[in-house]
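> Shown below is the structure under consideration.
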Amino acid sequence: MNSQGNEVLVKICGVRTADAAVAACEARADIIGMIFAPSPRLIDIPTAQEIAQAVYVSSSSANITSPLPSRPDFNGNAPTEDYFNAWADHISQIRRIGGRPLLTGVFQNQSLEHILEVVRSVPLDLVQLHGTESVEMAREIPVPVIKVFHVDEGFSLDGESDLMKTSCHAIILLDTKVAGASQQGGRGVSFDWTIARALSDRGVPFLMAGGLTPENIGEAVGVGRPWGVDVSSGIETDKVKDPKKIHAFVRGAKNAAPFSEK
């Protein structure tokens, strides 16, 4: 059983149109990611607002009256495992109570002022920092932050001192580091999922990305045991989000064995 209860959370990233967002809603995706960093999937604020409106309208069970759970408050003294599990539980509860996918903005080495403008304007439920930003930047952002840690052959959990730093980011994202690429993410390249499993074995929930597809998601979850998974290029046909692939991916992820707290 994972922090949500019994299913892997699914983040559909790189959404550029209202139609793709509606397909993600209908497939029971949990998080919709929109790119605000340089990328072929980059969108502007008005487009993001259209996507947000489509999510609100298509989620007929959306609940805007029930109070949301309070943010975790550890005063900086929480053990690592407890800290990240509390945030995972919090985000899962918001998703469940709200009755719609959460809206995430993806940024990469951009100014805090720009991030805050997008958070307010769309508005966003979450922010994803996908570059080399300091983890401390998350403290200046008013919504929970997903922070990426890029995995390559030299990656080790013990060598990433910022990865499990508390009182900064809320969720850890493991994604493949593509050598020579100035912009990381959305390239369809996977990493060794046993590295992710080592983090799961420590009882720490996380998102896993990189080369995931409807065909390999069951195996990826079985090996890596993530709390959630993140996909972009793996659900596209000719670089466009494919509703059939979105449905197949979400179904495969939610039927797979999820993260389990120790």
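Going through the structure tokens in order, the chains are called A, B, and so on, while each chain numbers its residues from 1 and the ligands are numbered from 1 in the order shown.
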Neighbouring residues of stretch 24-27 of chain A were defined as those with any atom within 8 Å, considering only C-alpha atoms; residues of the same chain fewer than 2 positions away were excluded. Please report them as a PDB file with all heavy atoms, in the first residue's frame.

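Here's the written file result13.pdb:
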```
ATOM      1  N   ILE A  12       0.579  13.183 -15.854  1.00  0.00           N
ATOM      2  CA  ILE A  12       0.657  13.321 -17.305  1.00  0.00           C
ATOM      3  C   ILE A  12       1.296  14.679 -17.576  1.00  0.00           C
ATOM      4  O   ILE A  12       0.710  15.723 -17.279  1.00  0.00           O
ATOM      5  CB  ILE A  12      -0.731  13.243 -17.958  1.00  0.00           C
ATOM      6  CG1 ILE A  12      -1.432  11.922 -17.607  1.00  0.00           C
ATOM      7  CG2 ILE A  12      -0.633  13.430 -19.471  1.00  0.00           C
ATOM      8  CD1 ILE A  12      -0.729  10.685 -18.109  1.00  0.00           C
ATOM      9  N   ALA A  20      -6.166  17.320 -24.560  1.00  0.00           N
ATOM     10  CA  ALA A  20      -5.272  16.378 -23.885  1.00  0.00           C
ATOM     11  C   ALA A  20      -5.547  16.358 -22.389  1.00  0.00           C
ATOM     12  O   ALA A  20      -5.505  15.297 -21.744  1.00  0.00           O
ATOM     13  CB  ALA A  20      -3.818  16.744 -24.149  1.00  0.00           C
ATOM     14  N   ALA A  21      -5.847  17.527 -21.821  1.00  0.00           N
ATOM     15  CA  ALA A  21      -6.161  17.595 -20.396  1.00  0.00           C
ATOM     16  C   ALA A  21      -7.444  16.832 -20.080  1.00  0.00           C
ATOM     17  O   ALA A  21      -7.521  16.109 -19.075  1.00  0.00           O
ATOM     18  CB  ALA A  21      -6.294  19.050 -19.959  1.00  0.00           C
ATOM     19  N   VAL A  22      -8.446  16.966 -20.936  1.00  0.00           N
ATOM     20  CA  VAL A  22      -9.698  16.245 -20.728  1.00  0.00           C
ATOM     21  C   VAL A  22      -9.461  14.737 -20.823  1.00  0.00           C
ATOM     22  O   VAL A  22     -10.000  13.959 -20.022  1.00  0.00           O
ATOM     23  CB  VAL A  22     -10.755  16.697 -21.751  1.00  0.00           C
ATOM     24  CG1 VAL A  22     -11.979  15.780 -21.715  1.00  0.00           C
ATOM     25  CG2 VAL A  22     -11.162  18.141 -21.475  1.00  0.00           C
ATOM     26  N   ALA A  29      -6.070  10.330 -14.409  1.00  0.00           N
ATOM     27  CA  ALA A  29      -4.745  10.819 -14.027  1.00  0.00           C
ATOM     28  C   ALA A  29      -4.884  11.681 -12.778  1.00  0.00           C
ATOM     29  O   ALA A  29      -5.942  12.259 -12.510  1.00  0.00           O
ATOM     30  CB  ALA A  29      -4.124  11.627 -15.159  1.00  0.00           C
ATOM     31  N   ASP A  30      -3.808  11.783 -12.010  1.00  0.00           N
ATOM     32  CA  ASP A  30      -3.846  12.503 -10.742  1.00  0.00           C
ATOM     33  C   ASP A  30      -3.226  13.895 -10.818  1.00  0.00           C
ATOM     34  O   ASP A  30      -3.599  14.787 -10.051  1.00  0.00           O
ATOM     35  CB  ASP A  30      -3.114  11.694  -9.671  1.00  0.00           C
ATOM     36  CG  ASP A  30      -3.726  10.324  -9.489  1.00  0.00           C
ATOM     37  OD1 ASP A  30      -4.845  10.252  -8.963  1.00  0.00           O
ATOM     38  OD2 ASP A  30      -3.093   9.318  -9.889  1.00  0.00           O
ATOM     39  N   ILE A  32      -1.649  16.869 -13.709  1.00  0.00           N
ATOM     40  CA  ILE A  32      -1.427  17.315 -15.077  1.00  0.00           C
ATOM     41  C   ILE A  32      -0.299  18.337 -15.063  1.00  0.00           C
ATOM     42  O   ILE A  32      -0.369  19.336 -14.345  1.00  0.00           O
ATOM     43  CB  ILE A  32      -2.704  17.918 -15.681  1.00  0.00           C
ATOM     44  CG1 ILE A  32      -3.735  16.802 -15.937  1.00  0.00           C
ATOM     45  CG2 ILE A  32      -2.405  18.676 -16.973  1.00  0.00           C
ATOM     46  CD1 ILE A  32      -5.074  17.293 -16.409  1.00  0.00           C
ATOM     47  N   VAL A  55     -10.030  21.332 -17.195  1.00  0.00           N
ATOM     48  CA  VAL A  55      -9.942  20.358 -16.101  1.00  0.00           C
ATOM     49  C   VAL A  55     -11.089  20.563 -15.119  1.00  0.00           C
ATOM     50  O   VAL A  55     -11.752  19.605 -14.699  1.00  0.00           O
ATOM     51  CB  VAL A  55      -8.589  20.474 -15.381  1.00  0.00           C
ATOM     52  CG1 VAL A  55      -8.582  19.641 -14.103  1.00  0.00           C
ATOM     53  CG2 VAL A  55      -7.459  20.023 -16.303  1.00  0.00           C
ATOM     54  N   SER A  58     -14.405  19.411 -16.867  1.00  0.00           N
ATOM     55  CA  SER A  58     -14.524  17.985 -17.175  1.00  0.00           C
ATOM     56  C   SER A  58     -14.548  17.121 -15.925  1.00  0.00           C
ATOM     57  O   SER A  58     -14.996  15.974 -15.980  1.00  0.00           O
ATOM     58  CB  SER A  58     -13.368  17.539 -18.072  1.00  0.00           C
ATOM     59  OG  SER A  58     -12.144  17.625 -17.380  1.00  0.00           O
ATOM     60  N   SER A  59     -14.082  17.647 -14.811  1.00  0.00           N
ATOM     61  CA  SER A  59     -14.089  16.871 -13.562  1.00  0.00           C
ATOM     62  C   SER A  59     -15.405  17.119 -12.855  1.00  0.00           C
ATOM     63  O   SER A  59     -15.507  17.960 -11.960  1.00  0.00           O
ATOM     64  CB  SER A  59     -12.905  17.269 -12.685  1.00  0.00           C
ATOM     65  OG  SER A  59     -11.687  17.030 -13.354  1.00  0.00           O
ATOM     66  N   ARG A 100     -10.355  16.266  -8.792  1.00  0.00           N
ATOM     67  CA  ARG A 100      -9.814  16.579 -10.118  1.00  0.00           C
ATOM     68  C   ARG A 100      -8.304  16.424 -10.074  1.00  0.00           C
ATOM     69  O   ARG A 100      -7.679  16.467  -9.010  1.00  0.00           O
ATOM     70  CB  ARG A 100     -10.155  18.016 -10.523  1.00  0.00           C
ATOM     71  CG  ARG A 100      -9.547  19.070  -9.587  1.00  0.00           C
ATOM     72  CD  ARG A 100      -9.604  20.463 -10.173  1.00  0.00           C
ATOM     73  NE  ARG A 100      -9.101  21.473  -9.240  1.00  0.00           N
ATOM     74  CZ  ARG A 100      -7.816  21.750  -9.077  1.00  0.00           C
ATOM     75  NH1 ARG A 100      -6.890  21.091  -9.752  1.00  0.00           N
ATOM     76  NH2 ARG A 100      -7.435  22.694  -8.216  1.00  0.00           N
ATOM     77  N   PRO A 101      -7.671  16.267 -11.245  1.00  0.00           N
ATOM     78  CA  PRO A 101      -6.208  16.245 -11.272  1.00  0.00           C
ATOM     79  C   PRO A 101      -5.628  17.572 -10.790  1.00  0.00           C
ATOM     80  O   PRO A 101      -6.198  18.642 -11.030  1.00  0.00           O
ATOM     81  CB  PRO A 101      -5.877  16.015 -12.751  1.00  0.00           C
ATOM     82  CG  PRO A 101      -7.103  15.395 -13.330  1.00  0.00           C
ATOM     83  CD  PRO A 101      -8.253  16.004 -12.577  1.00  0.00           C
ATOM     84  N   PRO A 243      -4.852  10.087 -26.713  1.00  0.00           N
ATOM     85  CA  PRO A 243      -5.788   9.665 -25.666  1.00  0.00           C
ATOM     86  C   PRO A 243      -5.758   8.166 -25.377  1.00  0.00           C
ATOM     87  O   PRO A 243      -5.862   7.754 -24.210  1.00  0.00           O
ATOM     88  CB  PRO A 243      -7.153  10.085 -26.222  1.00  0.00           C
ATOM     89  CG  PRO A 243      -6.836  11.240 -27.115  1.00  0.00           C
ATOM     90  CD  PRO A 243      -5.513  10.900 -27.751  1.00  0.00           C
ATOM     91  N   ILE A 246      -2.750   7.529 -23.291  1.00  0.00           N
ATOM     92  CA  ILE A 246      -2.949   8.068 -21.940  1.00  0.00           C
ATOM     93  C   ILE A 246      -3.759   7.091 -21.106  1.00  0.00           C
ATOM     94  O   ILE A 246      -3.397   6.762 -19.970  1.00  0.00           O
ATOM     95  CB  ILE A 246      -3.652   9.442 -22.009  1.00  0.00           C
ATOM     96  CG1 ILE A 246      -2.716  10.493 -22.612  1.00  0.00           C
ATOM     97  CG2 ILE A 246      -4.107   9.874 -20.617  1.00  0.00           C
ATOM     98  CD1 ILE A 246      -3.380  11.833 -22.856  1.00  0.00           C
ATOM     99  N   HIS A 247      -4.869   6.611 -21.662  1.00  0.00           N
ATOM    100  CA  HIS A 247      -5.717   5.661 -20.930  1.00  0.00           C
ATOM    101  C   HIS A 247      -4.959   4.381 -20.626  1.00  0.00           C
ATOM    102  O   HIS A 247      -5.049   3.853 -19.501  1.00  0.00           O
ATOM    103  CB  HIS A 247      -6.979   5.355 -21.737  1.00  0.00           C
ATOM    104  CG  HIS A 247      -8.047   6.402 -21.612  1.00  0.00           C
ATOM    105  ND1 HIS A 247      -9.132   6.274 -20.782  1.00  0.00           N
ATOM    106  CD2 HIS A 247      -8.178   7.622 -22.204  1.00  0.00           C
ATOM    107  CE1 HIS A 247      -9.896   7.336 -20.875  1.00  0.00           C
ATOM    108  NE2 HIS A 247      -9.345   8.177 -21.734  1.00  0.00           N
ATOM    109  N   VAL A 250      -2.302   5.069 -17.771  1.00  0.00           N
ATOM    110  CA  VAL A 250      -2.893   5.225 -16.444  1.00  0.00           C
ATOM    111  C   VAL A 250      -3.408   3.890 -15.931  1.00  0.00           C
ATOM    112  O   VAL A 250      -3.190   3.523 -14.768  1.00  0.00           O
ATOM    113  CB  VAL A 250      -4.024   6.276 -16.470  1.00  0.00           C
ATOM    114  CG1 VAL A 250      -4.720   6.338 -15.113  1.00  0.00           C
ATOM    115  CG2 VAL A 250      -3.474   7.651 -16.835  1.00  0.00           C
ATOM    116  N   ARG A 251      -4.066   3.144 -16.795  1.00  0.00           N
ATOM    117  CA  ARG A 251      -4.590   1.833 -16.392  1.00  0.00           C
ATOM    118  C   ARG A 251      -3.460   0.901 -15.970  1.00  0.00           C
ATOM    119  O   ARG A 251      -3.546   0.222 -14.941  1.00  0.00           O
ATOM    120  CB  ARG A 251      -5.377   1.238 -17.557  1.00  0.00           C
ATOM    121  CG  ARG A 251      -6.057  -0.095 -17.229  1.00  0.00           C
ATOM    122  CD  ARG A 251      -7.037  -0.485 -18.324  1.00  0.00           C
ATOM    123  NE  ARG A 251      -6.398  -0.579 -19.635  1.00  0.00           N
ATOM    124  CZ  ARG A 251      -6.617   0.290 -20.627  1.00  0.00           C
ATOM    125  NH1 ARG A 251      -7.440   1.305 -20.481  1.00  0.00           N
ATOM    126  NH2 ARG A 251      -6.002   0.142 -21.802  1.00  0.00           N
TER     127      ARG A 251
END
```
> Identify all residues of stretch 40-242 of chain A in strand (DSSP E or B) (DSSP on the backbone) and supply them as JSON, numbers by chain.
{"A": [42, 102, 103, 104, 105, 106, 107, 126, 127, 128, 129, 145, 146, 147, 148, 149, 150, 151, 171, 172, 173, 174, 175, 176, 206, 207, 208, 209, 228, 229, 230, 231, 236, 237, 240, 241]}
> Do you know which residues are at most 10 Å from A:Val15 counting only C-alpha atoms, after dropping those on the same chain fewer than 4 positions away, and could you put them as a ChimeraX atom specification?
/A:19-21,24,32-35,41-43,48,51,232,240-241
> Go through A:Arg95, A:Arg28, A:Lys254, A:Arg202 and flag the residue nearest A:Val8, using only C-alpha atoms for the distances.
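Of the candidates, the smallest distance to A:Val8 is held by A:Lys254.
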> Write out as a list in words the residues lying within 8 Å of A:Pro123, counting only C-alpha atoms and excluding same-chain residues fewer than 5 positions away.
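Skipping anything fewer than 5 positions along the chain leaves Gln49, Ala52 and Val118 of chain A.
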> Taking all heavy atoms for each residue, export the selection above as a CSV table (one decimal), in the first residue's frame.

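After the write, result_23.csv holds the following:
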```
chain,number,residue,atom,x,y,z
A,49,GLN,N,-4.3,28.6,-18.7
A,49,GLN,CA,-5.6,29.0,-18.1
A,49,GLN,C,-6.8,28.2,-18.8
A,49,GLN,O,-7.7,27.8,-18.2
A,49,GLN,CB,-5.8,30.5,-18.1
A,49,GLN,CG,-4.9,31.2,-17.2
A,49,GLN,CD,-5.0,32.7,-17.4
A,49,GLN,OE1,-5.2,33.2,-18.5
A,49,GLN,NE2,-4.7,33.5,-16.4
A,52,ALA,N,-6.6,24.7,-17.5
A,52,ALA,CA,-7.1,24.6,-16.2
A,52,ALA,C,-8.7,24.6,-16.2
A,52,ALA,O,-9.3,23.9,-15.5
A,52,ALA,CB,-6.6,25.8,-15.3
A,118,VAL,N,3.3,32.8,-12.6
A,118,VAL,CA,2.5,31.7,-13.2
A,118,VAL,C,1.7,31.0,-12.2
A,118,VAL,O,0.5,30.7,-12.5
A,118,VAL,CB,3.5,30.7,-13.9
A,118,VAL,CG1,2.7,29.5,-14.5
A,118,VAL,CG2,4.3,31.4,-15.0
```
> Pick out the closest residue to A:Cys168 from this set: A:Leu129, A:Val231, A:Ala23, A:Ala256. Count only C-alpha atoms.
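Looking at the shortest contact to A:Cys168, the residue is A:Leu129.
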> Write out as an NGL selection string all residues of stretch 20-181 of chain A that DSSP puts in alpha helix (DSSP H) for this structure's backbone.
:A and (20-26 or 45-58 or 80-98 or 112-121)
> Find, counting only C-alpha atoms, the residue in A:Arg16, A:His169, A:Lys11, A:Lys245 that gets nearest to A:Ile31.
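Closest candidate: A:Lys11.
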> From the list A:Gln128, A:Thr47, A:Thr237, A:Thr194, which residue is nearest A:Val106 when using only C-alpha atoms?
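Closest residue, counting only C-alpha atoms: A:Gln128.
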> Which of these residues is nearest to A:Glu7, using only C-alpha atoms: A:Val122, A:Arg96, A:Ser134, A:Ile172?
A:Arg96
> Residues of stretch 136-165 of chain A that approach stretch 69-89 of chain A to 9 Å or less, counting only C-alpha atoms: could you list each one with the shortest pair of atoms and its distance in Å to one decimal, rows by chain and increasing residue number, as JSON lines?

```
{"residue": "A:Pro144", "atom": "CA", "partner": "A:Trp87", "partner_atom": "CA", "distance": 8.4}
{"residue": "A:Met164", "atom": "CA", "partner": "A:Thr80", "partner_atom": "CA", "distance": 6.4}
{"residue": "A:Lys165", "atom": "CA", "partner": "A:Thr80", "partner_atom": "CA", "distance": 7.3}
```
> Could the residues in this selection be written to a file with C-alpha atoms, as a PDB file, in the first residue's frame?

```pdb
ATOM      1  CA  PRO A 144       4.168  22.231  -2.731  1.00  0.00           C
ATOM      2  CA  MET A 164      16.363  13.998   1.172  1.00  0.00           C
ATOM      3  CA  LYS A 165      16.739  17.445   2.705  1.00  0.00           C
TER       4      LYS A 165
END
```
> Using only C-alpha atoms, determine which residues lie at most 12 Å from A:Glu160, disregarding the query and same-chain residues fewer than 2 positions distant; provide the list as a VMD selection string.
chain A and resid 135 148 to 151 154 to 158 162 to 165 172 174 199
> Restricted to N, CA, C and O atoms, what would the selected residues look like written as a compact mmCIF listing (two decimals), in the first residue's frame?

```
# COMPACT_ATOMS: atom_id res chain seq x y z
N VAL A 135 17.59 23.54 -3.78
CA VAL A 135 16.38 23.00 -3.16
C VAL A 135 15.76 24.03 -2.22
O VAL A 135 14.54 23.99 -1.97
N VAL A 148 13.33 17.78 -9.11
CA VAL A 148 13.95 16.69 -9.87
C VAL A 148 15.37 16.44 -9.41
O VAL A 148 16.10 17.36 -9.00
N PHE A 149 15.76 15.18 -9.46
CA PHE A 149 17.14 14.75 -9.29
C PHE A 149 17.45 13.83 -10.46
O PHE A 149 16.79 12.81 -10.64
N HIS A 150 18.41 14.24 -11.27
CA HIS A 150 18.70 13.53 -12.52
C HIS A 150 19.63 12.35 -12.26
O HIS A 150 20.67 12.49 -11.61
N VAL A 151 19.26 11.22 -12.80
CA VAL A 151 19.96 9.96 -12.55
C VAL A 151 20.81 9.59 -13.76
O VAL A 151 20.32 9.51 -14.89
N GLY A 154 26.63 7.62 -12.61
CA GLY A 154 27.35 7.95 -11.39
C GLY A 154 26.46 8.34 -10.22
O GLY A 154 26.97 8.73 -9.16
N PHE A 155 25.15 8.23 -10.40
CA PHE A 155 24.22 8.65 -9.36
C PHE A 155 24.22 7.69 -8.18
O PHE A 155 24.27 6.47 -8.34
N SER A 156 24.16 8.23 -6.98
CA SER A 156 23.97 7.42 -5.78
C SER A 156 23.14 8.21 -4.78
O SER A 156 23.28 9.44 -4.68
N LEU A 157 22.27 7.53 -4.08
CA LEU A 157 21.42 8.20 -3.10
C LEU A 157 22.25 8.87 -2.02
O LEU A 157 21.96 10.00 -1.60
N ASP A 158 23.28 8.21 -1.58
CA ASP A 158 24.11 8.76 -0.51
C ASP A 158 24.93 9.95 -0.99
O ASP A 158 25.35 10.79 -0.18
N ASP A 162 21.20 16.80 -1.10
CA ASP A 162 20.00 17.63 -1.15
C ASP A 162 18.73 16.82 -1.37
O ASP A 162 17.63 17.31 -1.12
N LEU A 163 18.87 15.60 -1.87
CA LEU A 163 17.71 14.83 -2.28
C LEU A 163 16.73 14.64 -1.13
O LEU A 163 15.52 14.83 -1.28
N MET A 164 17.23 14.28 0.04
CA MET A 164 16.36 14.00 1.17
C MET A 164 16.43 15.09 2.23
O MET A 164 16.19 14.85 3.40
N LYS A 165 16.73 16.31 1.79
CA LYS A 165 16.74 17.45 2.71
C LYS A 165 15.30 17.84 3.02
O LYS A 165 14.49 18.06 2.11
N ILE A 172 10.15 14.19 -4.16
CA ILE A 172 11.35 13.88 -4.95
C ILE A 172 10.92 13.30 -6.29
O ILE A 172 10.04 12.43 -6.35
N LEU A 174 12.71 11.40 -9.55
CA LEU A 174 13.89 10.81 -10.19
C LEU A 174 13.63 10.74 -11.69
O LEU A 174 12.65 10.15 -12.13
N LEU A 199 15.57 3.75 -3.10
CA LEU A 199 14.91 4.82 -2.36
C LEU A 199 13.61 4.33 -1.75
O LEU A 199 13.29 4.63 -0.59
```
